[in-house]
file work.cif (mmCIF, C-alpha atoms)
data_my_file
#
loop_
_atom_site.label_atom_id
_atom_site.label_comp_id
_atom_site.auth_asym_id
_atom_site.auth_seq_id
_atom_site.Cartn_x
_atom_site.Cartn_y
_atom_site.Cartn_z
CA MET A 1 162.83 29.23 93.37
CA GLU A 2 165.57 31.42 94.83
CA ILE A 3 166.39 34.64 93.01
CA PRO A 4 169.85 36.16 93.58
CA PHE A 5 170.31 39.91 93.62
CA TYR A 6 172.56 39.73 90.54
CA ASP A 7 173.62 36.47 88.91
CA LEU A 8 177.04 37.10 87.33
CA GLY A 9 177.78 33.41 87.04
CA LYS A 10 174.72 32.80 84.86
CA LEU A 11 175.50 35.87 82.77
CA HIS A 12 179.07 34.75 82.06
CA LYS A 13 178.13 31.12 81.44
CA GLY A 14 176.25 32.14 78.31
CA MET A 15 179.32 33.82 76.83
CA ARG A 16 182.09 31.67 78.23
CA GLY A 17 183.49 30.72 74.82
CA GLU A 18 183.83 34.37 73.76
CA LEU A 19 185.53 35.28 77.03
CA GLU A 20 187.94 32.36 76.82
CA THR A 21 188.86 33.31 73.24
CA ALA A 22 189.63 36.87 74.34
CA PHE A 23 191.64 35.60 77.31
CA GLN A 24 193.71 33.32 75.10
CA ARG A 25 194.29 36.15 72.62
CA VAL A 26 195.87 38.27 75.35
CA ILE A 27 197.97 35.40 76.69
CA ASP A 28 199.29 34.65 73.21
CA SER A 29 200.06 38.30 72.44
CA GLY A 30 202.71 38.60 75.16
CA VAL A 31 201.58 42.22 75.76
CA TYR A 32 199.77 42.77 79.06
CA VAL A 33 199.85 46.53 79.73
CA LEU A 34 198.65 49.32 77.39
CA GLY A 35 198.60 47.20 74.26
CA ASN A 36 196.24 46.68 71.34
CA GLU A 37 193.31 45.48 73.47
CA VAL A 38 193.20 48.66 75.54
CA GLU A 39 193.55 50.80 72.43
CA ALA A 40 190.77 48.91 70.65
CA PHE A 41 188.42 49.01 73.63
CA GLU A 42 189.01 52.75 74.07
CA ALA A 43 188.04 53.36 70.45
CA GLU A 44 184.97 51.11 70.68
CA PHE A 45 183.69 52.56 73.95
CA ALA A 46 184.29 56.13 72.76
CA ASP A 47 182.22 55.35 69.69
CA TYR A 48 179.51 53.80 71.86
CA CYS A 49 179.33 56.91 74.05
CA GLY A 50 179.46 59.25 71.05
CA VAL A 51 182.69 61.01 72.10
CA LYS A 52 186.17 61.50 70.64
CA HIS A 53 188.18 60.08 73.50
CA CYS A 54 188.11 57.22 75.98
CA ILE A 55 191.06 56.66 78.32
CA GLY A 56 191.12 53.37 80.20
CA VAL A 57 192.19 53.61 83.84
CA GLY A 58 192.34 51.37 86.89
CA SER A 59 188.92 52.09 88.44
CA GLY A 60 185.94 54.41 88.47
CA LEU A 61 187.47 56.29 91.40
CA SER A 62 190.66 56.82 89.40
CA ALA A 63 188.63 58.04 86.43
CA LEU A 64 187.10 60.85 88.50
CA HIS A 65 190.30 61.62 90.40
CA LEU A 66 192.52 61.85 87.31
CA THR A 67 189.95 64.02 85.54
CA LEU A 68 189.93 66.47 88.43
CA VAL A 69 193.74 66.54 88.51
CA ALA A 70 193.86 67.05 84.75
CA LEU A 71 191.55 70.04 85.16
CA GLY A 72 193.96 71.58 87.67
CA ILE A 73 191.67 71.15 90.67
CA GLY A 74 193.47 70.80 93.98
CA ARG A 75 194.08 72.15 97.45
CA GLY A 76 191.94 75.15 98.34
CA ASP A 77 189.33 74.38 95.69
CA GLU A 78 185.78 73.13 96.19
CA VAL A 79 183.80 70.65 94.11
CA ILE A 80 180.04 70.22 94.43
CA VAL A 81 178.97 66.59 94.86
CA PRO A 82 175.70 64.85 95.71
CA ALA A 83 175.10 64.19 99.39
CA HIS A 84 173.46 60.94 98.31
CA THR A 85 176.00 58.84 96.43
CA PHE A 86 178.61 56.12 96.88
CA ILE A 87 181.59 57.50 98.77
CA ALA A 88 183.93 57.17 95.74
CA THR A 89 182.49 60.42 94.33
CA TRP A 90 183.67 62.27 97.43
CA LEU A 91 186.97 60.41 97.68
CA ALA A 92 187.95 61.47 94.16
CA VAL A 93 187.67 65.11 95.25
CA SER A 94 189.47 64.57 98.55
CA GLU A 95 192.38 62.83 96.83
CA THR A 96 193.17 66.04 94.95
CA GLY A 97 193.25 68.03 98.19
CA ALA A 98 190.04 69.84 97.25
CA LYS A 99 186.93 69.88 99.42
CA PRO A 100 183.72 68.01 98.50
CA VAL A 101 180.67 70.23 99.04
CA PRO A 102 177.54 68.07 99.31
CA VAL A 103 174.13 69.06 97.96
CA GLU A 104 170.87 67.27 98.79
CA PRO A 105 169.13 65.07 96.21
CA ASP A 106 165.71 65.34 94.63
CA ALA A 107 163.73 62.86 96.73
CA ALA A 108 161.86 61.58 93.66
CA THR A 109 164.85 60.72 91.42
CA TYR A 110 167.58 60.33 94.12
CA ASN A 111 169.91 62.50 91.99
CA ILE A 112 171.43 65.83 92.98
CA ASN A 113 168.79 68.59 93.13
CA PRO A 114 169.87 71.26 90.61
CA HIS A 115 167.71 73.88 92.35
CA LEU A 116 169.95 73.65 95.43
CA ILE A 117 173.32 73.78 93.68
CA GLU A 118 173.60 77.55 93.27
CA ASP A 119 173.42 78.15 97.04
CA ALA A 120 176.47 75.87 97.45
CA ILE A 121 178.64 77.77 94.94
CA THR A 122 181.41 79.94 96.40
CA PRO A 123 184.42 81.74 94.88
CA ARG A 124 186.40 78.53 95.54
CA THR A 125 184.04 76.27 93.57
CA LYS A 126 185.68 74.84 90.47
CA ALA A 127 183.44 71.96 89.34
CA ILE A 128 180.22 70.00 89.79
CA ILE A 129 180.09 66.20 89.76
CA PRO A 130 176.52 65.04 89.07
CA VAL A 131 176.07 61.30 89.63
CA HIS A 132 173.71 59.33 87.39
CA LEU A 133 172.72 57.32 90.44
CA TYR A 134 171.27 53.84 90.00
CA GLY A 135 171.53 54.43 86.23
CA GLN A 136 169.13 57.40 86.08
CA PRO A 137 170.68 60.42 84.29
CA ALA A 138 170.84 63.58 86.35
CA ASP A 139 169.09 66.74 85.15
CA MET A 140 172.03 67.75 82.99
CA ASP A 141 170.50 70.77 81.23
CA ALA A 142 169.83 72.55 84.52
CA ILE A 143 173.25 71.61 85.89
CA SER A 144 175.10 72.63 82.72
CA LEU A 145 173.32 75.99 82.64
CA LEU A 146 174.41 76.75 86.19
CA ALA A 147 177.95 75.67 85.39
CA ARG A 148 178.15 77.99 82.37
CA GLN A 149 176.79 80.91 84.38
CA HIS A 150 179.47 80.42 87.04
CA GLY A 151 182.36 79.26 84.86
CA LEU A 152 182.47 75.76 86.36
CA LYS A 153 183.48 72.41 84.90
CA VAL A 154 181.03 69.50 84.93
CA ILE A 155 182.19 65.90 85.32
CA GLU A 156 179.64 63.10 85.04
CA ASP A 157 179.96 60.26 87.52
CA ALA A 158 178.61 57.65 85.11
CA ALA A 159 179.79 54.62 87.09
CA GLN A 160 176.24 53.20 87.14
CA ALA A 161 174.97 54.56 83.85
CA HIS A 162 176.59 52.74 80.91
CA GLY A 163 174.21 53.16 77.99
CA ALA A 164 171.73 55.48 79.71
CA ARG A 165 170.49 58.41 77.66
CA TYR A 166 169.53 62.01 78.36
CA LYS A 167 167.53 63.70 75.60
CA GLY A 168 168.65 60.96 73.23
CA LYS A 169 172.35 61.36 73.99
CA ARG A 170 174.32 58.72 75.89
CA THR A 171 175.92 59.40 79.24
CA GLY A 172 179.64 59.92 78.92
CA GLY A 173 179.14 62.72 76.42
CA LEU A 174 176.95 65.12 78.39
CA ALA A 175 179.62 67.26 80.09
CA ASP A 176 183.29 68.27 80.02
CA ALA A 177 184.21 64.69 80.90
CA ALA A 178 182.81 61.56 82.51
CA GLY A 179 184.14 58.83 84.75
CA PHE A 180 183.01 55.21 84.29
CA SER A 181 183.56 52.16 86.46
CA PHE A 182 183.85 48.62 85.09
CA TYR A 183 183.54 46.93 88.47
CA PRO A 184 182.15 43.41 87.84
CA GLY A 185 178.60 44.24 88.97
CA LYS A 186 178.20 47.24 86.65
CA ASN A 187 176.06 47.12 83.50
CA LEU A 188 179.34 46.83 81.59
CA GLY A 189 181.56 45.03 84.07
CA ALA A 190 185.03 43.56 83.81
CA LEU A 191 186.18 40.44 85.63
CA GLY A 192 188.05 42.65 88.04
CA ASP A 193 188.51 46.39 88.52
CA GLY A 194 188.66 48.92 85.71
CA GLY A 195 187.46 52.35 84.68
CA ALA A 196 187.55 54.96 81.95
CA VAL A 197 187.40 58.69 81.29
CA THR A 198 185.40 59.89 78.28
CA THR A 199 185.61 63.39 76.84
CA GLN A 200 185.44 65.50 73.69
CA ASP A 201 188.33 67.66 74.93
CA ASP A 202 191.64 66.83 73.18
CA THR A 203 193.79 68.60 75.77
CA LEU A 204 192.04 66.99 78.73
CA ALA A 205 192.27 63.53 77.15
CA ASP A 206 195.99 63.98 76.49
CA ARG A 207 196.63 65.01 80.08
CA VAL A 208 194.65 62.09 81.55
CA ARG A 209 196.60 59.66 79.35
CA HIS A 210 199.85 60.96 80.80
CA LEU A 211 198.58 61.07 84.37
CA ARG A 212 197.49 57.41 84.28
CA ASN A 213 200.98 56.32 83.19
CA TYR A 214 203.40 58.01 85.62
CA GLY A 215 203.08 61.35 83.81
CA SER A 216 204.89 59.92 80.82
CA ARG A 217 204.45 60.19 77.05
CA LYS A 218 207.65 58.27 76.39
CA LYS A 219 209.02 55.53 78.61
CA TYR A 220 211.32 56.88 81.35
CA HIS A 221 210.51 60.49 80.38
CA HIS A 222 208.16 62.05 82.94
CA GLU A 223 206.80 65.48 82.11
CA ILE A 224 204.38 65.72 85.03
CA ARG A 225 203.89 63.95 88.37
CA GLY A 226 201.58 61.16 87.39
CA HIS A 227 199.99 58.00 88.75
CA ASN A 228 199.89 54.31 87.96
CA SER A 229 196.25 53.69 87.00
CA ARG A 230 195.93 51.81 83.73
CA LEU A 231 193.14 49.62 82.44
CA ASP A 232 194.54 46.10 82.29
CA GLU A 233 195.03 44.58 78.84
CA LEU A 234 193.13 41.43 79.83
CA GLN A 235 190.20 43.36 81.27
CA ALA A 236 190.03 45.47 78.11
CA ALA A 237 189.80 42.30 75.99
CA LEU A 238 186.97 40.94 78.15
CA LEU A 239 185.17 44.30 78.09
CA ARG A 240 185.33 44.31 74.29
CA VAL A 241 183.41 41.02 74.29
CA LYS A 242 180.82 42.28 76.76
CA LEU A 243 180.35 45.63 75.03
CA LYS A 244 178.88 43.77 72.04
CA HIS A 245 176.12 42.45 74.31
CA LEU A 246 175.42 45.65 76.23
CA GLU A 247 172.44 46.91 74.22
CA ARG A 248 170.71 43.53 74.48
CA TRP A 249 171.36 43.50 78.21
CA GLN A 250 169.99 47.03 78.53
CA ALA A 251 166.77 45.95 76.81
CA ARG A 252 166.46 43.10 79.31
CA ARG A 253 166.91 45.46 82.26
CA LEU A 254 164.26 47.76 80.82
CA ALA A 255 161.84 44.84 80.46
CA ILE A 256 162.38 43.86 84.11
CA SER A 257 161.85 47.46 85.27
CA ARG A 258 158.51 47.51 83.44
CA VAL A 259 157.38 44.32 85.18
CA TYR A 260 158.29 45.88 88.52
CA VAL A 261 156.56 49.19 87.82
CA GLN A 262 153.41 47.55 86.54
CA GLY A 263 153.22 45.04 89.36
CA LEU A 264 154.14 47.36 92.25
CA LYS A 265 152.59 50.69 91.26
CA ALA A 266 149.57 50.16 93.51
CA SER A 267 151.67 48.93 96.46
CA PRO A 268 152.85 51.04 99.44
CA LEU A 269 156.40 50.98 98.06
CA VAL A 270 157.73 54.26 96.69
CA LEU A 271 158.89 53.53 93.15
CA PRO A 272 161.66 55.42 91.30
CA GLU A 273 160.54 58.39 89.23
CA VAL A 274 162.14 58.87 85.82
CA LEU A 275 162.75 62.25 84.20
CA SER A 276 160.77 62.64 80.97
CA SER A 277 164.06 63.47 79.24
CA ALA A 278 165.86 60.36 80.54
CA GLU A 279 166.24 56.72 79.52
CA PRO A 280 167.81 55.00 82.54
CA SER A 281 170.21 52.09 82.28
CA TRP A 282 168.43 50.47 85.26
CA HIS A 283 171.68 49.48 86.92
CA LEU A 284 169.59 49.18 90.09
CA PHE A 285 165.85 49.17 90.71
CA VAL A 286 165.51 50.98 94.02
CA VAL A 287 162.30 51.34 96.02
CA CYS A 288 161.62 52.94 99.39
CA CYS A 289 159.99 51.01 102.23
CA HIS A 290 159.44 52.46 105.70
CA GLN A 291 159.60 49.02 107.33
CA ARG A 292 162.70 48.11 105.36
CA ASP A 293 164.27 45.55 107.68
CA GLN A 294 161.04 43.62 108.13
CA PHE A 295 160.33 43.80 104.38
CA ARG A 296 163.80 42.52 103.44
CA LYS A 297 163.62 39.73 106.00
CA LYS A 298 160.33 38.46 104.56
CA LEU A 299 161.77 38.54 101.05
CA GLU A 300 164.87 36.67 102.21
CA VAL A 301 162.71 33.93 103.76
CA ASP A 302 160.93 33.70 100.41
CA GLY A 303 164.23 33.26 98.56
CA ILE A 304 164.50 36.81 97.18
CA GLN A 305 167.88 38.48 97.69
CA THR A 306 167.91 42.27 98.05
CA ALA A 307 170.55 44.91 98.82
CA VAL A 308 170.77 48.42 100.30
CA HIS A 309 172.45 51.18 98.26
CA TYR A 310 173.59 52.65 100.59
CA PRO A 311 173.19 51.99 104.33
CA LYS A 312 175.08 55.13 105.43
CA PRO A 313 175.72 58.35 103.46
CA PRO A 314 179.25 59.76 103.08
CA HIS A 315 178.74 62.61 105.54
CA LEU A 316 177.95 60.10 108.32
CA GLN A 317 180.90 57.82 107.55
CA PRO A 318 183.89 57.98 109.94
CA ALA A 319 186.08 58.98 106.96
CA TYR A 320 184.25 62.33 106.72
CA ARG A 321 183.29 62.92 110.34
CA GLY A 322 183.72 66.62 111.01
CA ALA A 323 184.90 67.35 107.46
CA VAL A 324 181.54 68.63 106.20
CA PRO A 325 178.57 70.17 107.99
CA GLU A 326 175.83 67.83 109.17
CA GLY A 327 172.17 68.23 108.37
CA PHE A 328 171.12 66.46 105.17
CA PRO A 329 167.62 65.25 106.08
CA VAL A 330 166.57 64.19 102.57
CA THR A 331 169.70 62.10 102.14
CA GLU A 332 169.36 60.54 105.57
CA ALA A 333 165.68 59.69 105.00
CA ILE A 334 166.56 57.99 101.70
CA HIS A 335 169.32 55.94 103.28
CA LYS A 336 166.93 54.68 105.98
CA THR A 337 164.33 53.40 103.52
CA VAL A 338 165.95 52.34 100.21
CA VAL A 339 165.86 48.72 99.06
CA SER A 340 167.35 47.45 95.80
CA LEU A 341 165.37 44.63 94.18
CA PRO A 342 167.03 41.93 92.03
CA MET A 343 168.07 43.30 88.64
CA GLY A 344 170.24 42.01 85.82
CA PRO A 345 170.17 40.77 82.24
CA ALA A 346 170.26 37.13 83.35
CA MET A 347 166.76 37.51 84.86
CA ASP A 348 163.66 36.59 82.89
CA ASP A 349 160.10 37.92 83.16
CA GLN A 350 158.99 34.94 85.23
CA GLN A 351 161.62 35.71 87.85
CA ALA A 352 160.68 39.40 87.85
CA GLU A 353 157.01 38.50 88.36
CA ARG A 354 158.02 36.20 91.19
CA VAL A 355 159.83 39.14 92.85
CA VAL A 356 156.72 41.30 92.46
CA GLN A 357 154.49 38.68 94.05
CA SER A 358 156.92 38.17 96.90
CA CYS A 359 157.01 41.94 97.53
CA LEU A 360 153.20 42.12 97.61
CA ASN A 361 153.05 39.20 100.01
CA ALA A 362 155.69 40.81 102.25
CA LEU A 363 153.66 44.03 102.39
CA ASP A 364 150.39 42.36 103.50
#
call {"tool": "encode", "arguments": {"input": "work.cif", "output": "structure tokens"}}
result
Amino acid sequence: MEIPFYDLGKLHKGMRGELETAFQRVIDSGVYVLGNEVEAFEAEFADYCGVKHCIGVGSGLSALHLTLVALGIGRGDEVIVPAHTFIATWLAVSETGAKPVPVEPDAATYNINPHLIEDAITPRTKAIIPVHLYGQPADMDAISLLARQHGLKVIEDAAQAHGARYKGKRTGGLADAAGFSFYPGKNLGALGDGGAVTTQDDTLADRVRHLRNYGSRKKYHHEIRGHNSRLDELQAALLRVKLKHLERWQARRLAISRVYVQGLKASPLVLPEVLSSAEPSWHLFVVCCHQRDQFRKKLEVDGIQTAVHYPKPPHLQPAYRGAVPEGFPVTEAIHKTVVSLPMGPAMDDQQAERVVQSCLNALD
């Protein structure tokens, strides 16, 4: 029995009729950009996150970038980011002309270490972007306290954390704003690219809405220099269908994570630690293995597909060579050992137990 890393085909097969109905509804409407589907999805996702505003945009990267621009962050400014994250977090800062300032993660949770943030703050620092990496909420109380003390904005990178909770409150409503991605493999994924900004701030929401649409409130009237980054009407319709299933899918991911923890807790693998205040979305189940290549090869032979998130950190990518100081040993150690096990709502307990057994066999 082969087990794929994430079986999108199986997931969509079970809801094909709903997706086709939504697709046909958009086709028949004759409206394909910023119509009723986007407006409805924005209202539904805002309600889901417990916030006043959701603004659909073209991608998760755009969500972070437009939020930074809307906050007036640009050339000469600095924004604190995790050293351990997908490069999009850094790119969003760079696109404004500001400088990403990386901070090492907590080795146990993989998220930015709040105890190291203060040393990275300078007079040029304007914001902090904590990433809820792999679906585990960052330590938002500690980060928010620091931000208040220094007059900084906080923007959640919630691209992997749809539905995760911190102290009972959903991600997307834990800071000044949040950026979500709806890339197909996310917990709430479109059938293409998409993203959203969520916020309680009326002024910020209004500015992001204009920025995503050429800086325009009214067609052919451009008050500010904007961008073209709008959530597609078709993707919004498909996301509305999938949003109705998200809580059930989250429960399935949680069940799989429990099988993994129970079955692997006595193994040599380093399992993810969860903050007592957090309820992860389990976008990814990431373990550390010091013989990673050998371990993955054995799993592959046994029909278990794995992935590495991520093989090389942003500061070692050619795109940022020389742009930031080197020397992030915790980040580099994580990137050399992390392995993502199969995870997704299309998996059942039997498949999860099969992954556990294969891991144990590979470690003998």
call {"tool": "closest_residue", "arguments": {"input": "work.cif", "among": "A:Leu66, A:Ala22, A:Cys54, A:Leu234", "to": "Gly35 (chain A)", "atoms": "all atoms listed in the file"}}
result
A:Leu234
call {"tool": "atom_distance", "arguments": {"input": "work.cif", "atom1": "CA of Ala251 (chain A)", "atom2": "CA of Gln160 (chain A)"}}
result
15.8 Å
call {"tool": "atom_distance", "arguments": {"input": "work.cif", "atom1": "CA of Ile304 (chain A)", "atom2": "CA of Gly135 (chain A)"}}
result
21.9 Å
call {"tool": "residues_near_point", "arguments": {"input": "work.cif", "point": "(195.1, 34.5, 75.4)", "cutoff": "12 Å", "atoms": "all atoms listed in the file", "output": "PyMOL selection string"}}
result
chain A and resi 18-32+37+233-235+237-238
call {"tool": "atom_distance", "arguments": {"input": "work.cif", "atom1": "CA of Gly163 (chain A)", "atom2": "CA of Cys49 (chain A)"}}
result
7.5 Å
call {"tool": "residues_around", "arguments": {"input": "work.cif", "residues": "Val57 (chain A)", "least_positions_apart": "5", "cutoff": "6 Å", "atoms": "only C-alpha atoms", "output": "list in words"}}
result
Gly195, Ala196, Ser229, Arg230 and Leu231 of chain A
call {"tool": "closest_atom_pairs", "arguments": {"input": "work.cif", "of": "region 162-272 of chain A", "to": "region 3-16 of chain A", "cutoff": "10 Å", "atoms": "all atoms listed in the file", "output": "tab-separated table"}}
result
residue	atom	partner	partner_atom	distance
A:Pro184	CA	A:Leu8	CA	8.1
A:Gly185	CA	A:Leu8	CA	7.5
A:Gly189	CA	A:Leu8	CA	9.7
A:Leu191	CA	A:His12	CA	9.8
A:Val241	CA	A:Met15	CA	8.7
A:Lys242	CA	A:Met15	CA	8.6
A:His245	CA	A:Met15	CA	9.5
A:Trp249	CA	A:Leu11	CA	9.8
call {"tool": "resolve_selection", "arguments": {"input": "work.cif", "expression": "the PyMOL selection byres ((chain A and resi 204) around 9)", "output": "PDB file with C-alpha atoms, in the frame of the given file"}}
result
ATOM      1  CA  THR A  67     189.950  64.020  85.540  1.00  0.00           C
ATOM      2  CA  ALA A  70     193.860  67.050  84.750  1.00  0.00           C
ATOM      3  CA  LEU A  71     191.550  70.040  85.160  1.00  0.00           C
ATOM      4  CA  ASP A 176     183.290  68.270  80.020  1.00  0.00           C
ATOM      5  CA  ALA A 177     184.210  64.690  80.900  1.00  0.00           C
ATOM      6  CA  THR A 199     185.610  63.390  76.840  1.00  0.00           C
ATOM      7  CA  GLN A 200     185.440  65.500  73.690  1.00  0.00           C
ATOM      8  CA  ASP A 201     188.330  67.660  74.930  1.00  0.00           C
ATOM      9  CA  ASP A 202     191.640  66.830  73.180  1.00  0.00           C
ATOM     10  CA  THR A 203     193.790  68.600  75.770  1.00  0.00           C
ATOM     11  CA  ALA A 205     192.270  63.530  77.150  1.00  0.00           C
ATOM     12  CA  ASP A 206     195.990  63.980  76.490  1.00  0.00           C
ATOM     13  CA  ARG A 207     196.630  65.010  80.080  1.00  0.00           C
ATOM     14  CA  VAL A 208     194.650  62.090  81.550  1.00  0.00           C
ATOM     15  CA  ARG A 209     196.600  59.660  79.350  1.00  0.00           C
TER      16      ARG A 209
END
call {"tool": "residues_around", "arguments": {"input": "work.cif", "residues": "Phe180 (chain A)", "least_positions_apart": "5", "cutoff": "10 Å", "atoms": "all atoms listed in the file", "output": "list of chain:residue names"}}
result
A:Cys54, A:Gly56, A:Val57, A:Ser59, A:Gly60, A:Leu61, A:Ser62, A:Ala63, A:Leu64, A:Glu156, A:Asp157, A:Ala158, A:Ala159, A:Gln160, A:Ala161, A:His162, A:Thr171, A:Gly172, A:Lys186, A:Leu188, A:Gly194, A:Gly195, A:Ala196, A:Val197, A:Thr198
call {"tool": "resolve_selection", "arguments": {"input": "work.cif", "expression": "the PyMOL selection byres ((chain A and resi 274) around 9)", "output": "VMD selection string"}}
result
chain A and resid 108 to 109 136 to 137 272 to 273 275 to 280
call {"tool": "closest_residue", "arguments": {"input": "work.cif", "among": "A:Pro102, A:Gly192, A:Gly97, A:Gly226", "to": "Phe328 (chain A)", "atoms": "only C-alpha atoms"}}
result
A:Pro102
call {"tool": "closest_residue", "arguments": {"input": "work.cif", "among": "A:Leu211, A:Val101, A:Leu91, A:Leu243", "to": "Leu116 (chain A)", "atoms": "all atoms listed in the file"}}
result
A:Val101
call {"tool": "closest_residue", "arguments": {"input": "work.cif", "among": "A:Ser340, A:Asn213, A:Ser94, A:Thr89", "to": "Ile128 (chain A)", "atoms": "all atoms listed in the file"}}
result
A:Thr89
call {"tool": "closest_residue", "arguments": {"input": "work.cif", "among": "A:Ser181, A:Gln250, A:Ser216, A:Ser358", "to": "Trp282 (chain A)", "atoms": "all atoms listed in the file"}}
result
A:Gln250
call {"tool": "residues_around", "arguments": {"input": "work.cif", "residues": "Trp90 (chain A)", "least_positions_apart": "2", "cutoff": "12 Å", "atoms": "all atoms listed in the file", "output": "ChimeraX atom specification"}}
result
/A:61-62,64-65,68,78-88,92-103,128-131,157,313-315,317,319-320,323-324
call {"tool": "build_atoms", "arguments": {"input": "work.cif", "residues": "region 339-351 of chain A", "atoms": "N, CA, C and O atoms", "output": "PDB file, in the coordinates of the input"}}
result
ATOM      1  N   VAL A 339     165.650  50.145  99.269  1.00  0.00           N
ATOM      2  CA  VAL A 339     165.860  48.720  99.060  1.00  0.00           C
ATOM      3  C   VAL A 339     166.053  48.488  97.564  1.00  0.00           C
ATOM      4  O   VAL A 339     165.248  48.959  96.755  1.00  0.00           O
ATOM      5  N   SER A 340     167.111  47.777  97.203  1.00  0.00           N
ATOM      6  CA  SER A 340     167.350  47.450  95.800  1.00  0.00           C
ATOM      7  C   SER A 340     166.839  46.036  95.523  1.00  0.00           C
ATOM      8  O   SER A 340     167.267  45.072  96.169  1.00  0.00           O
ATOM      9  N   LEU A 341     165.929  45.925  94.559  1.00  0.00           N
ATOM     10  CA  LEU A 341     165.370  44.630  94.180  1.00  0.00           C
ATOM     11  C   LEU A 341     166.292  43.942  93.163  1.00  0.00           C
ATOM     12  O   LEU A 341     167.106  44.602  92.511  1.00  0.00           O
ATOM     13  N   PRO A 342     166.186  42.635  93.006  1.00  0.00           N
ATOM     14  CA  PRO A 342     167.030  41.930  92.030  1.00  0.00           C
ATOM     15  C   PRO A 342     166.913  42.553  90.638  1.00  0.00           C
ATOM     16  O   PRO A 342     165.813  42.913  90.195  1.00  0.00           O
ATOM     17  N   MET A 343     168.037  42.683  89.973  1.00  0.00           N
ATOM     18  CA  MET A 343     168.070  43.300  88.640  1.00  0.00           C
ATOM     19  C   MET A 343     169.294  42.795  87.890  1.00  0.00           C
ATOM     20  O   MET A 343     170.388  42.758  88.449  1.00  0.00           O
ATOM     21  N   GLY A 344     169.109  42.434  86.639  1.00  0.00           N
ATOM     22  CA  GLY A 344     170.240  42.010  85.820  1.00  0.00           C
ATOM     23  C   GLY A 344     169.759  41.326  84.559  1.00  0.00           C
ATOM     24  O   GLY A 344     168.638  40.808  84.509  1.00  0.00           O
ATOM     25  N   PRO A 345     170.588  41.325  83.525  1.00  0.00           N
ATOM     26  CA  PRO A 345     170.170  40.770  82.240  1.00  0.00           C
ATOM     27  C   PRO A 345     169.989  39.260  82.232  1.00  0.00           C
ATOM     28  O   PRO A 345     169.427  38.706  81.284  1.00  0.00           O
ATOM     29  N   ALA A 346     170.464  38.578  83.280  1.00  0.00           N
ATOM     30  CA  ALA A 346     170.260  37.130  83.350  1.00  0.00           C
ATOM     31  C   ALA A 346     168.874  36.774  83.876  1.00  0.00           C
ATOM     32  O   ALA A 346     168.469  35.612  83.818  1.00  0.00           O
ATOM     33  N   MET A 347     168.122  37.751  84.368  1.00  0.00           N
ATOM     34  CA  MET A 347     166.760  37.510  84.860  1.00  0.00           C
ATOM     35  C   MET A 347     165.784  37.419  83.694  1.00  0.00           C
ATOM     36  O   MET A 347     165.949  38.086  82.670  1.00  0.00           O
ATOM     37  N   ASP A 348     164.722  36.630  83.882  1.00  0.00           N
ATOM     38  CA  ASP A 348     163.660  36.590  82.890  1.00  0.00           C
ATOM     39  C   ASP A 348     162.379  37.175  83.501  1.00  0.00           C
ATOM     40  O   ASP A 348     162.329  37.486  84.697  1.00  0.00           O
ATOM     41  N   ASP A 349     161.340  37.320  82.687  1.00  0.00           N
ATOM     42  CA  ASP A 349     160.100  37.920  83.160  1.00  0.00           C
ATOM     43  C   ASP A 349     159.463  37.107  84.286  1.00  0.00           C
ATOM     44  O   ASP A 349     158.875  37.667  85.220  1.00  0.00           O
ATOM     45  N   GLN A 350     159.571  35.797  84.195  1.00  0.00           N
ATOM     46  CA  GLN A 350     158.990  34.940  85.230  1.00  0.00           C
ATOM     47  C   GLN A 350     159.622  35.215  86.592  1.00  0.00           C
ATOM     48  O   GLN A 350     158.930  35.298  87.612  1.00  0.00           O
ATOM     49  N   GLN A 351     160.938  35.392  86.598  1.00  0.00           N
ATOM     50  CA  GLN A 351     161.620  35.710  87.850  1.00  0.00           C
ATOM     51  C   GLN A 351     161.204  37.089  88.363  1.00  0.00           C
ATOM     52  O   GLN A 351     161.000  37.277  89.563  1.00  0.00           O
TER      53      GLN A 351
END
